[in-house]
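Asker: One file: structure_6.txt (compact mmCIF, C-alpha atoms).
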# COMPACT_ATOMS: atom_id res chain seq x y z
CA MET A 255 34.17 48.36 -17.40
CA ALA A 256 35.53 44.84 -17.18
CA PRO A 257 35.28 42.83 -20.39
CA CYS A 258 32.37 40.39 -20.67
CA GLN A 259 33.40 36.87 -19.65
CA SER A 260 32.35 33.91 -21.75
CA TRP A 261 30.10 31.27 -20.17
CA SER A 262 32.73 28.69 -21.02
CA GLU A 263 35.27 30.49 -18.80
CA LEU A 264 33.28 30.23 -15.57
CA PRO A 265 35.27 28.70 -12.67
CA LYS A 266 35.01 24.92 -12.48
CA GLU A 267 33.90 25.15 -8.82
CA LEU A 268 30.98 27.40 -9.77
CA ILE A 269 29.93 25.10 -12.62
CA SER A 270 29.98 22.09 -10.27
CA TYR A 271 27.95 23.98 -7.66
CA ILE A 272 25.28 24.96 -10.21
CA ALA A 273 25.06 21.37 -11.49
CA LYS A 274 24.39 20.08 -7.96
CA CYS A 275 21.32 22.35 -7.79
CA LEU A 276 19.71 20.72 -10.83
CA ASP A 277 16.80 18.44 -9.97
CA THR A 278 16.61 15.94 -12.82
CA ARG A 279 18.86 13.90 -15.07
CA THR A 280 17.37 15.73 -18.07
CA ASP A 281 18.48 19.10 -16.62
CA VAL A 282 22.02 17.82 -16.06
CA LEU A 283 22.27 16.46 -19.61
CA ARG A 284 21.15 19.78 -21.06
CA PHE A 285 23.51 21.65 -18.74
CA ARG A 286 26.47 19.54 -19.94
CA ALA A 287 25.54 20.21 -23.56
CA VAL A 288 26.15 23.97 -23.30
CA CYS A 289 29.89 23.77 -24.04
CA CYS A 290 32.97 21.56 -23.75
CA SER A 291 34.21 23.09 -20.49
CA TRP A 292 30.85 22.51 -18.76
CA ARG A 293 30.75 18.97 -20.06
CA ALA A 294 34.26 18.34 -18.72
CA SER A 295 33.37 19.80 -15.30
CA VAL A 296 30.18 17.80 -14.71
CA PRO A 297 30.14 13.98 -14.90
CA LEU A 298 27.52 12.16 -16.92
CA PRO A 299 24.60 11.45 -14.57
CA PRO A 300 23.74 7.77 -14.05
CA LYS A 301 20.45 6.45 -15.36
CA SER A 302 18.45 6.07 -12.17
CA PRO A 303 16.64 3.97 -11.30
CA LYS A 304 18.03 1.08 -13.33
CA LEU A 305 14.94 0.53 -15.46
CA PRO A 306 13.45 -1.31 -17.27
CA MET A 307 14.04 -4.12 -14.75
CA HIS A 308 13.07 -7.76 -15.34
CA PHE A 309 11.78 -10.03 -12.57
CA SER A 310 9.65 -13.11 -11.88
CA LEU A 311 6.03 -12.69 -10.87
CA PRO A 312 3.67 -15.27 -9.26
CA VAL A 313 0.19 -15.31 -10.80
CA ASN A 314 -3.00 -17.23 -10.10
CA ASP A 315 -2.68 -19.64 -13.01
CA PRO A 316 -1.93 -23.33 -12.27
CA ARG A 317 -0.74 -23.87 -15.84
CA LYS A 318 1.94 -21.18 -15.46
CA PRO A 319 2.24 -20.02 -11.84
CA ILE A 320 5.35 -17.93 -12.51
CA VAL A 321 5.60 -15.43 -15.35
CA SER A 322 8.25 -12.96 -16.45
CA ALA A 323 7.50 -9.28 -16.09
CA VAL A 324 9.25 -5.94 -16.32
CA ILE A 325 9.07 -2.73 -14.30
CA SER A 326 9.13 0.20 -16.72
CA GLN A 327 9.27 3.95 -16.19
CA THR A 328 7.28 6.67 -17.91
CA VAL A 329 8.14 10.36 -17.85
CA VAL A 330 5.97 13.38 -18.65
CA TYR A 331 7.92 16.17 -20.32
CA ARG A 332 6.90 19.69 -21.12
CA ILE A 333 8.47 20.71 -24.43
CA ALA A 334 8.43 24.33 -25.55
CA GLN A 335 9.64 26.08 -28.67
CA PRO A 336 12.91 28.00 -28.28
CA GLY A 337 12.88 31.74 -27.76
CA PHE A 338 11.46 31.93 -24.23
CA HIS A 339 12.02 35.69 -23.89
CA ALA A 340 11.44 36.60 -27.52
CA HIS A 341 8.09 34.79 -27.74
CA PRO A 342 6.05 35.15 -24.52
CA ASN A 343 3.10 33.43 -26.23
CA ARG A 344 5.26 30.51 -27.30
CA LYS A 345 3.76 27.15 -28.12
CA SER A 346 4.42 24.19 -25.83
CA CYS A 347 3.12 20.68 -25.32
CA PHE A 348 3.25 17.72 -22.95
CA ILE A 349 4.47 14.34 -24.12
CA ARG A 350 4.58 11.14 -22.11
CA VAL A 351 7.14 8.49 -23.00
CA GLU A 352 8.20 5.08 -21.72
CA GLU A 353 11.91 4.40 -21.46
CA THR A 354 13.28 1.31 -23.20
CA GLU A 355 16.40 -0.75 -22.58
CA GLN A 356 18.13 1.08 -25.42
CA GLU A 357 19.78 4.32 -24.34
CA ASN A 358 17.82 7.40 -25.47
CA LYS A 359 15.09 5.27 -27.04
CA PHE A 360 11.50 5.86 -25.97
CA ARG A 361 7.94 4.82 -26.79
CA LEU A 362 5.13 7.36 -26.94
CA VAL A 363 2.44 6.86 -24.25
CA ASN A 364 -1.15 8.04 -24.23
CA PRO A 365 -1.14 11.16 -21.97
CA PHE A 366 -4.52 10.12 -20.51
CA SER A 367 -3.78 6.47 -19.75
CA GLU A 368 -0.81 4.13 -19.28
CA ARG A 369 -1.20 2.45 -22.66
CA LEU A 370 1.36 2.91 -25.40
CA ILE A 371 0.26 4.73 -28.54
CA LYS A 372 -0.71 2.14 -31.13
CA HIS A 373 -1.28 4.46 -34.07
CA MET A 374 1.43 7.13 -34.17
CA PRO A 375 0.36 10.58 -35.38
CA ALA A 376 1.42 11.20 -38.96
CA ASN A 377 3.38 14.32 -38.01
CA PHE A 378 5.23 12.81 -35.04
CA PRO A 379 8.99 12.65 -35.68
CA LYS A 380 11.00 9.49 -35.20
CA GLU A 381 13.73 11.52 -33.53
CA ILE A 382 13.63 14.57 -31.25
CA ASN A 383 16.73 16.59 -30.55
CA HIS A 384 15.93 17.93 -27.10
CA LEU A 385 18.69 20.56 -27.38
CA ASN A 386 16.50 22.36 -29.92
CA PHE A 387 13.70 22.87 -27.39
CA ARG A 388 13.10 23.89 -23.82
CA VAL A 389 12.51 20.61 -21.95
CA GLU A 390 11.14 20.27 -18.42
CA GLU A 391 10.56 16.99 -16.62
CA LEU A 392 7.21 17.14 -14.80
CA THR A 393 6.62 13.72 -13.26
CA LYS A 394 7.57 10.04 -13.39
CA GLY A 395 5.42 6.96 -13.22
CA PHE A 396 6.08 3.23 -12.97
CA SER A 397 4.20 0.20 -14.21
CA ILE A 398 4.48 -3.58 -14.44
CA ARG A 399 4.06 -5.27 -17.82
CA LEU A 400 3.98 -8.98 -18.60
CA LEU A 401 6.57 -10.38 -20.98
CA LYS A 402 5.70 -12.71 -23.84
CA ASP A 403 7.49 -16.01 -24.36
CA ASP A 404 9.90 -14.34 -26.79
CA GLY A 405 10.89 -11.81 -24.12
CA SER A 406 9.03 -8.84 -25.61
CA SER A 407 6.41 -6.92 -23.66
CA ASP A 408 2.82 -6.46 -24.73
CA LEU A 409 3.06 -2.86 -25.87
CA HIS A 410 -0.70 -2.30 -25.81
CA ASP A 411 -1.55 -4.07 -22.57
CA ASN A 412 -2.42 -1.96 -19.56
CA ASN A 413 -0.87 -2.36 -16.11
CA PHE A 414 -2.73 -5.53 -15.10
CA TRP A 415 -0.92 -6.15 -11.81
CA THR A 416 -1.12 -2.85 -9.98
CA ARG A 417 -3.30 0.21 -9.88
CA LYS A 418 -0.29 2.27 -8.84
CA LEU A 419 3.39 1.53 -8.25
CA LYS A 420 5.94 3.80 -6.59
CA LEU A 421 9.62 3.10 -6.09
CA ALA A 422 11.60 4.32 -3.09
CA SER A 423 13.84 7.32 -3.68
CA ASP A 424 16.85 5.09 -3.02
CA PHE A 425 15.53 2.22 -5.15
CA ASP A 426 18.95 1.73 -6.78
CA SER A 427 20.30 0.45 -3.46
CA SER A 428 17.23 -0.60 -1.43
CA TYR A 429 15.07 -2.04 -4.25
CA LYS A 430 12.01 -1.14 -2.18
CA ALA A 431 8.62 -0.22 -3.60
CA ILE A 432 5.01 0.18 -2.61
CA SER A 433 1.90 -0.56 -4.65
CA ILE A 434 -1.88 -0.65 -4.74
CA SER A 435 -3.18 -3.92 -6.13
CA SER A 436 -6.93 -4.65 -6.20
CA GLY A 437 -7.31 -1.85 -3.68
CA GLN A 438 -4.88 -3.43 -1.21
CA LEU A 439 -1.77 -1.64 -0.03
CA ARG A 440 1.39 -3.70 -0.47
CA ARG A 441 5.09 -3.23 0.06
CA ALA A 442 7.68 -4.98 -2.07
CA ARG A 443 11.37 -5.67 -2.31
CA LEU A 444 13.12 -6.94 -5.40
CA ASP A 445 15.66 -9.71 -4.91
CA THR A 446 18.38 -8.84 -7.44
CA TYR A 447 19.96 -12.30 -7.21
CA THR A 448 16.88 -14.42 -7.91
CA THR A 449 14.99 -11.67 -9.79
CA ASP A 450 11.99 -12.47 -7.57
CA ILE A 451 9.84 -9.76 -6.08
CA HIS A 452 8.63 -10.29 -2.51
CA TRP A 453 5.23 -8.77 -1.69
CA CYS A 454 3.81 -8.13 1.76
CA SER A 455 0.33 -6.75 2.44
CA LEU A 456 0.25 -3.66 4.63
CA ASP A 457 -3.52 -3.15 4.82
CA THR A 458 -6.23 -5.49 3.55
CA GLU A 459 -9.15 -3.98 5.52
CA VAL A 460 -9.81 -0.94 3.33
CA HIS A 461 -9.16 -0.02 -0.29
CA TYR A 462 -6.57 2.60 -1.25
CA ARG A 463 -6.78 5.01 -4.16
CA ASP A 464 -3.38 6.70 -4.56
CA ILE A 465 0.24 6.64 -3.40
CA THR A 466 3.21 8.95 -3.98
CA ASN A 467 6.71 9.84 -2.79
CA PHE A 468 7.33 13.14 -1.05
CA ASP A 469 9.86 14.43 1.46
CA GLY A 470 11.51 11.03 1.92
CA LYS A 471 8.19 9.30 2.64
CA PHE A 472 5.57 7.20 0.93
CA PHE A 473 2.16 8.87 1.19
CA MET A 474 -1.02 6.88 0.66
CA VAL A 475 -4.71 7.73 0.88
CA ASN A 476 -7.59 5.29 1.24
CA ILE A 477 -11.06 5.47 -0.22
CA TYR A 478 -12.43 7.23 2.89
CA GLY A 479 -9.75 9.93 2.93
CA VAL A 480 -7.40 8.71 5.67
CA ILE A 481 -3.85 9.79 4.74
CA LEU A 482 -0.77 7.91 5.91
CA GLY A 483 2.86 9.05 5.72
CA MET A 484 5.36 6.18 5.87
CA ASP A 485 9.14 6.31 6.10
CA GLU A 486 10.61 4.90 2.87
CA SER A 487 13.49 3.09 4.58
CA PHE A 488 11.75 1.28 7.43
CA TYR A 489 8.05 1.31 6.43
CA THR A 490 7.22 2.98 9.76
CA LEU A 491 4.26 5.35 10.05
CA ASP A 492 5.29 8.97 10.60
CA GLU A 493 1.99 10.69 9.83
CA VAL A 494 -1.65 9.69 10.22
CA HIS A 495 -4.39 12.10 9.16
CA THR A 496 -8.06 11.24 9.55
CA SER A 497 -10.58 11.96 6.80
CA LEU A 498 -10.47 15.59 5.66
CA GLU A 499 -14.17 15.67 4.76
CA GLN A 500 -16.91 16.22 7.33
CA LYS A 501 -18.43 12.84 6.50
CA ASP A 502 -16.62 9.64 5.58
CA TRP A 503 -17.55 8.82 2.01
CA GLU A 504 -16.12 6.84 -0.86
CA CYS A 505 -14.40 9.42 -3.05
CA GLU A 506 -11.72 9.42 -5.72
CA ARG A 507 -8.44 10.94 -4.54
CA TYR A 508 -5.20 12.01 -6.23
CA PHE A 509 -1.89 13.30 -4.87
CA VAL A 510 -0.27 16.20 -6.75
CA GLU A 511 3.11 17.80 -6.07
CA SER A 512 3.28 21.50 -6.91
CA CYS A 513 5.91 24.14 -6.14
CA GLY A 514 7.51 22.02 -3.42
CA HIS A 515 4.22 21.24 -1.66
CA LEU A 516 2.01 18.15 -1.57
CA TYR A 517 -1.67 18.48 -2.44
CA LEU A 518 -4.61 16.09 -2.35
CA VAL A 519 -7.31 16.46 -5.00
CA VAL A 520 -10.65 14.89 -4.03
CA ARG A 521 -13.50 14.19 -6.41
CA ASP A 522 -16.43 14.36 -4.01
CA PHE A 523 -19.14 11.82 -4.84
CA LEU A 524 -21.19 12.88 -1.82
CA ILE A 525 -22.78 15.35 -4.24
CA CYS A 526 -24.34 12.37 -6.10
CA PRO A 527 -24.51 9.44 -3.63
CA THR A 528 -27.24 7.59 -5.53
CA LEU A 529 -25.56 7.90 -8.94
CA VAL A 530 -22.01 6.70 -8.22
CA GLN A 531 -21.00 3.72 -6.10
CA TYR A 532 -17.70 2.02 -5.50
CA ASN A 533 -17.42 -1.61 -6.62
CA TYR A 534 -14.98 -3.39 -4.32
CA THR A 535 -14.68 -6.41 -6.61
CA LEU A 536 -13.69 -4.37 -9.64
CA ASP A 537 -11.85 -1.70 -7.61
CA ALA A 538 -13.66 1.00 -9.58
CA PHE A 539 -16.37 3.63 -9.29
CA MET A 540 -19.49 2.71 -11.27
CA THR A 541 -22.60 4.49 -12.49
CA GLU A 542 -25.79 3.65 -14.37
CA ALA A 543 -26.22 7.25 -15.47
CA LYS A 544 -24.91 8.74 -18.66
CA ASP A 545 -21.66 10.60 -18.13
CA ALA A 546 -23.22 14.03 -18.67
CA ASN A 547 -25.75 13.37 -15.89
CA VAL A 548 -23.16 12.83 -13.12
CA PRO A 549 -22.56 16.04 -11.16
CA VAL A 550 -18.92 16.99 -10.59
CA LYS A 551 -17.34 18.54 -7.52
CA PHE A 552 -13.67 18.74 -6.60
CA LYS A 553 -11.92 19.79 -3.41
CA VAL A 554 -8.21 20.52 -2.99
CA TYR A 555 -6.18 20.17 0.22
CA LYS A 556 -2.60 21.27 0.92
CA ARG A 557 -0.14 19.77 3.41
CA ILE A 558 1.38 22.51 5.59
CA PRO A 559 3.33 22.68 8.89
CA SER A 560 0.89 22.63 11.81
CA GLY A 561 3.03 24.15 14.56
CA ASP A 562 2.00 21.25 16.80
CA GLN A 563 4.86 19.13 18.14
CA ARG A 564 2.68 16.02 18.26
CA SER A 565 1.46 16.41 14.68
CA ARG A 566 3.96 18.45 12.71
CA PHE A 567 1.80 18.71 9.59
CA CYS A 568 -1.86 19.20 8.76
CA TRP A 569 -4.02 19.46 5.65
CA VAL A 570 -6.03 22.59 4.85
CA GLU A 571 -8.53 23.17 2.07
CA VAL A 572 -7.50 25.62 -0.66
CA ASN A 573 -9.95 27.23 -3.06
CA ASP A 574 -7.54 28.97 -5.42
CA LEU A 575 -4.57 27.46 -7.27
CA GLY A 576 -3.51 30.86 -8.59
CA ASP A 577 -1.88 30.68 -12.00
CA ARG A 578 -1.36 26.93 -11.84
CA ALA A 579 -3.43 24.06 -13.18
CA PHE A 580 -3.49 20.44 -11.98
CA PHE A 581 -3.74 17.37 -14.20
CA VAL A 582 -5.00 14.25 -12.38
CA SER A 583 -5.62 10.65 -13.41
CA THR A 584 -5.07 7.17 -12.01
CA ASP A 585 -1.78 6.85 -13.84
CA CYS A 586 -0.08 10.18 -13.23
CA SER A 587 -0.68 13.65 -11.85
CA PHE A 588 1.25 16.90 -12.13
CA SER A 589 0.89 20.67 -12.02
CA PHE A 590 1.94 23.31 -14.52
CA LEU A 591 2.13 27.09 -14.83
CA THR A 592 -0.48 28.67 -17.11
CA ARG A 593 0.35 32.39 -17.09
CA ASP A 594 2.72 32.09 -20.05
CA TYR A 595 -0.04 30.92 -22.40
CA THR A 596 -2.62 33.08 -24.10
CA GLY A 597 -6.15 31.90 -23.35
CA CYS A 598 -5.15 29.59 -20.48
CA GLY A 599 -6.17 30.77 -17.03
CA GLY A 600 -5.15 28.96 -13.89
CA ASN A 601 -7.15 27.67 -10.92
CA CYS A 602 -8.47 24.63 -12.74
CA ILE A 603 -8.20 20.84 -12.73
CA ILE A 604 -7.88 18.79 -15.90
CA TYR A 605 -9.01 15.27 -15.11
CA VAL A 606 -9.76 11.93 -16.74
CA ASP A 607 -13.31 10.84 -15.87
CA GLU A 608 -12.62 7.20 -14.96
CA ILE A 609 -16.10 6.23 -13.77
CA ASP A 610 -17.12 3.02 -15.53
CA ASN A 611 -20.61 2.32 -16.81
CA VAL A 612 -22.68 -0.52 -15.36
CA GLU A 613 -24.54 -1.02 -18.64
CA ARG A 614 -21.28 -1.77 -20.46
CA LEU A 615 -20.48 -4.52 -17.94
CA ARG A 616 -23.98 -5.99 -18.16
CA LYS A 617 -23.62 -6.33 -21.92
CA PHE A 618 -20.04 -7.61 -21.57
CA GLU A 619 -18.93 -4.87 -23.95
CA PRO A 620 -15.15 -4.57 -24.20
CA ILE A 621 -13.42 -1.30 -23.40
CA GLU A 622 -12.71 0.61 -26.59
CA ALA A 623 -9.25 0.49 -28.11
CA ASP A 624 -7.17 3.14 -26.40
CA ASN A 625 -6.35 4.95 -29.63
CA ASP A 626 -6.95 4.56 -33.33
CA LYS A 627 -6.15 6.44 -36.51
CA GLU A 628 -8.74 9.08 -35.63
CA GLY A 629 -7.24 9.96 -32.25
CA LEU A 630 -7.46 9.12 -28.55
CA LYS A 631 -10.67 7.56 -27.26
CA GLN A 632 -10.70 9.67 -24.06
CA LEU A 633 -10.94 12.86 -26.13
CA LYS A 634 -13.50 11.47 -28.58
CA ASN A 635 -15.90 10.36 -25.86
CA GLY A 636 -15.43 13.45 -23.67
CA LYS A 637 -13.75 11.60 -20.79
CA VAL A 638 -11.01 14.24 -20.45
CA ARG A 639 -12.54 17.30 -18.85
CA LEU A 640 -11.67 20.65 -17.29
CA TYR A 641 -13.05 21.67 -13.90
CA ASN A 642 -13.02 25.36 -12.92
CA LEU A 643 -12.47 25.77 -9.18
CA ALA A 644 -13.84 29.32 -9.24
CA ASP A 645 -17.32 28.65 -10.64
CA ARG A 646 -17.39 24.82 -10.05
CA SER A 647 -18.16 24.12 -13.71
CA SER A 648 -16.99 21.11 -15.72
CA ALA A 649 -16.81 20.62 -19.49
CA PRO A 650 -14.94 18.44 -22.04
CA LEU A 651 -11.36 19.52 -22.65
CA ALA A 652 -12.15 19.67 -26.37
CA LEU A 653 -14.07 22.91 -25.66
CA PHE A 654 -10.83 24.55 -24.47
CA PRO A 655 -8.54 24.44 -27.53
CA HIS A 656 -5.64 26.28 -25.85
CA TYR A 657 -5.46 23.60 -23.17
CA LEU A 658 -6.18 20.75 -25.56
CA ASP A 659 -3.27 21.76 -27.79
CA MET A 660 -0.89 21.16 -24.88
CA PHE A 661 -1.86 17.48 -24.67
CA TRP A 662 -2.86 16.23 -28.11
CA PRO A 663 -2.09 15.95 -30.94
CA PRO A 664 1.68 16.55 -30.89
CA PRO A 665 2.41 19.88 -32.62
CA THR A 666 3.93 20.09 -36.09
CA TRP A 667 6.84 22.21 -34.84
CA LEU A 668 8.31 19.12 -33.14
CA LYS A 669 9.62 18.24 -36.61
CA TRP A 670 11.94 21.22 -36.45
CA ASP A 671 15.40 19.71 -36.25
CA GLN A 672 18.97 20.91 -36.47
CA GLY A 673 22.10 19.00 -35.66
CA PRO A 674 22.47 15.44 -34.38
CA SER A 675 19.67 13.64 -32.58
CA ASN A 676 19.94 13.25 -28.82
CA ALA A 677 16.67 11.58 -27.92
Go through the file and emit its structure as structure tokens.

Answerer:
Amino acid sequence: MAPCQSWSELPKELISYIAKCLDTRTDVLRFRAVCCSWRASVPLPPKSPKLPMHFSLPVNDPRKPIVSAVISQTVVYRIAQPGFHAHPNRKSCFIRVEETEQENKFRLVNPFSERLIKHMPANFPKEINHLNFRVEELTKGFSIRLLKDDGSSDLHDNNFWTRKLKLASDFDSSYKAISISSGQLRRARLDTYTTDIHWCSLDTEVHYRDITNFDGKFFMVNIYGVILGMDESFYTLDEVHTSLEQKDWECERYFVESCGHLYLVVRDFLICPTLVQYNYTLDAFMTEAKDANVPVKFKVYKRIPSGDQRSRFCWVEVNDLGDRAFFVSTDCSFSFLTRDYTGCGGNCIIYVDEIDNVERLRKFEPIEADNDKEGLKQLKNGKVRLYNLADRSSAPLALFPHYLDMFWPPPTWLKWDQGPSNA
């Protein structure tokens, strides 16, 4: 029998080939950290896109018509304890962070909104050595924040300018983006010389609810369920899909990428047409009912090849997600595998109930602080919920401790640390 070869002695060509198959910058960094020979064979991946990025932004304020702003990036990571094979019931969690201009420096973000955490959990470490854990990058998001006069950003302000922002896959060279602002679909290009951003409306006739990148295209869906697929480079329409529901109705819609496929999750308000209405001025769904009195129904559609030369793809309804679960919100959406966790079955949707209350607006009551020393407001008021696709039931996430532990609070084992800090 031939002697066992060390990992460090693998051929350089094989190491380079494996590195090219890695999907994210995080994976490449971890790959390079295995040993000196691997690090020497694989170059350090560039930070892409080049964010945070500063630019000038026109606003409707005669006293200060131009303000400074910054495009920032958030990333959702899944972090698991080491010992994948030794501990099949291992603990893991999701954390969402915003990248800063300092290399390997991040700010913790509320997993259920785009706001930064104001009151850090007592057990959360100041440093995390990601080489001590199993780290998986799940999704990225982008936002625009205003800058104060001293050049710092308002860490606790939400994304005032856009409902959703997506950058082109080749943003480093094209500086192209697409956004939803006050329901309107807009395209943008950043001028790197003047630091101005040029906006152009694509559709002002109907409000849009979500946008995403997939397969070299921007995908967008409007409030009535019409899906458009647009080439990222030329902003030309490649796909047009009419409403997937039998009746056009104002519904909330979220794109989710899972296992190399694109899905559309629809919260169907046709089940309660007199309880929930869309407010075009506020770009939000509103209700006068108490949250518990609003019925919940979700549908899930999957984009698949159609076999038709004229329309190469179609969307079909799926009723079973298997051993996967979807998380959806205005700010970010992703899917994850549940079979590795005791007490966590698949075929469910974890969602943030973002319906606003008319009574709160009538009384001019401010929205609660996003988080305080007692925890996150969305968990305290039951706004984060779990929907079971099998029996169509919905309940607060707090009633499912195995799922809740994945999101909040950060686990105590994150303090475990050996060796130098890398993140």

Asker: Could you give me, as a PDB file with C-alpha atoms, in the frame of the given file, the residues within 6 Å of range 643-659 of chain A, counting all atoms listed in the file and dropping anything in the same chain fewer than 6 positions from it?

Answerer:
ATOM      1  CA  ASN A 601      -7.150  27.670 -10.920  1.00  0.00           C
ATOM      2  CA  CYS A 602      -8.470  24.630 -12.740  1.00  0.00           C
ATOM      3  CA  GLY A 636     -15.430  13.450 -23.670  1.00  0.00           C
TER       4      GLY A 636
END

Asker: I need the residue nearest Asp585 in chain A from this list: A:Arg463, A:His515, A:Arg441, A:Lys553. Use all atoms listed in the file for the distance.

Answerer: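 Closest residue, counting all atoms listed in the file: A:Arg463.
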
Asker: What does the distance between CA of Asp450 in chain A and CA of Arg317 in chain A come to in Å, to one decimal place?

Answerer: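 For CA of Asp450 in chain A relative to CA of Arg317 in chain A, the distance reads 19.0 Å.
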
Asker: Could you tell me which of A:Glu608, A:Glu267, A:Glu542, A:Asp281 comes closest to Arg388 in chain A if we count all atoms listed in the file?

Answerer: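 Between A:Glu608, A:Glu267, A:Glu542, A:Asp281, the residue approaching Arg388 in chain A most closely is A:Asp281.
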
Asker: Hey, which of A:Glu506, A:Glu459, A:Glu391, A:Asp492 ends up closest to Phe472 in chain A? Count all atoms listed in the file.

Answerer: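 Closest to Phe472 in chain A of all the choices is A:Asp492.
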
Asker: Which residue gives the smallest distance to Glu493 in chain A among A:Val550, A:Met474, A:Leu516, A:Ile604, with all atoms listed in the file counted?

Answerer: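 Comparing A:Val550, A:Met474, A:Leu516, A:Ile604 against Glu493 in chain A, the winner is A:Met474.
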
Asker: Nearest residue to Phe580 in chain A out of A:Pro265, A:Gly600, A:Gly561, A:Pro379, using only C-alpha atoms?

Answerer: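 So, comparing all the options, the nearest one is A:Gly600.
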
Asker: Supply range 558-569 of chain A as a PDB file, in the frame of the given file, with N, CA, C and O atoms built in where the input has gaps.

Answerer:
ATOM      1  N   ILE A 558       0.594  21.391   5.070  1.00  0.00           N
ATOM      2  CA  ILE A 558       1.380  22.510   5.590  1.00  0.00           C
ATOM      3  C   ILE A 558       1.856  22.191   7.013  1.00  0.00           C
ATOM      4  O   ILE A 558       1.269  21.337   7.682  1.00  0.00           O
ATOM      5  N   PRO A 559       2.915  22.861   7.491  1.00  0.00           N
ATOM      6  CA  PRO A 559       3.330  22.680   8.890  1.00  0.00           C
ATOM      7  C   PRO A 559       2.218  23.117   9.836  1.00  0.00           C
ATOM      8  O   PRO A 559       1.544  24.126   9.615  1.00  0.00           O
ATOM      9  N   SER A 560       2.007  22.348  10.898  1.00  0.00           N
ATOM     10  CA  SER A 560       0.890  22.630  11.810  1.00  0.00           C
ATOM     11  C   SER A 560       1.308  23.474  13.011  1.00  0.00           C
ATOM     12  O   SER A 560       0.462  24.101  13.650  1.00  0.00           O
ATOM     13  N   GLY A 561       2.594  23.463  13.352  1.00  0.00           N
ATOM     14  CA  GLY A 561       3.030  24.150  14.560  1.00  0.00           C
ATOM     15  C   GLY A 561       2.804  23.349  15.821  1.00  0.00           C
ATOM     16  O   GLY A 561       3.115  23.794  16.923  1.00  0.00           O
ATOM     17  N   ASP A 562       2.254  22.147  15.670  1.00  0.00           N
ATOM     18  CA  ASP A 562       2.000  21.250  16.800  1.00  0.00           C
ATOM     19  C   ASP A 562       3.114  20.205  16.854  1.00  0.00           C
ATOM     20  O   ASP A 562       3.392  19.523  15.876  1.00  0.00           O
ATOM     21  N   GLN A 563       3.760  20.080  18.011  1.00  0.00           N
ATOM     22  CA  GLN A 563       4.860  19.130  18.140  1.00  0.00           C
ATOM     23  C   GLN A 563       4.398  17.686  17.981  1.00  0.00           C
ATOM     24  O   GLN A 563       5.140  16.834  17.497  1.00  0.00           O
ATOM     25  N   ARG A 564       3.179  17.379  18.370  1.00  0.00           N
ATOM     26  CA  ARG A 564       2.680  16.020  18.260  1.00  0.00           C
ATOM     27  C   ARG A 564       2.326  15.660  16.822  1.00  0.00           C
ATOM     28  O   ARG A 564       2.497  14.532  16.389  1.00  0.00           O
ATOM     29  N   SER A 565       1.798  16.613  16.085  1.00  0.00           N
ATOM     30  CA  SER A 565       1.460  16.410  14.680  1.00  0.00           C
ATOM     31  C   SER A 565       2.039  17.569  13.893  1.00  0.00           C
ATOM     32  O   SER A 565       1.462  18.661  13.853  1.00  0.00           O
ATOM     33  N   ARG A 566       3.208  17.352  13.309  1.00  0.00           N
ATOM     34  CA  ARG A 566       3.960  18.450  12.710  1.00  0.00           C
ATOM     35  C   ARG A 566       3.312  19.024  11.459  1.00  0.00           C
ATOM     36  O   ARG A 566       3.617  20.138  11.049  1.00  0.00           O
ATOM     37  N   PHE A 567       2.429  18.252  10.821  1.00  0.00           N
ATOM     38  CA  PHE A 567       1.800  18.710   9.590  1.00  0.00           C
ATOM     39  C   PHE A 567       0.286  18.510   9.649  1.00  0.00           C
ATOM     40  O   PHE A 567      -0.219  17.651  10.379  1.00  0.00           O
ATOM     41  N   CYS A 568      -0.409  19.332   8.873  1.00  0.00           N
ATOM     42  CA  CYS A 568      -1.860  19.200   8.760  1.00  0.00           C
ATOM     43  C   CYS A 568      -2.255  19.495   7.317  1.00  0.00           C
ATOM     44  O   CYS A 568      -1.436  19.960   6.515  1.00  0.00           O
ATOM     45  N   TRP A 569      -3.506  19.225   6.996  1.00  0.00           N
ATOM     46  CA  TRP A 569      -4.020  19.460   5.650  1.00  0.00           C
ATOM     47  C   TRP A 569      -5.131  20.503   5.721  1.00  0.00           C
ATOM     48  O   TRP A 569      -6.048  20.396   6.541  1.00  0.00           O
TER      49      TRP A 569
END
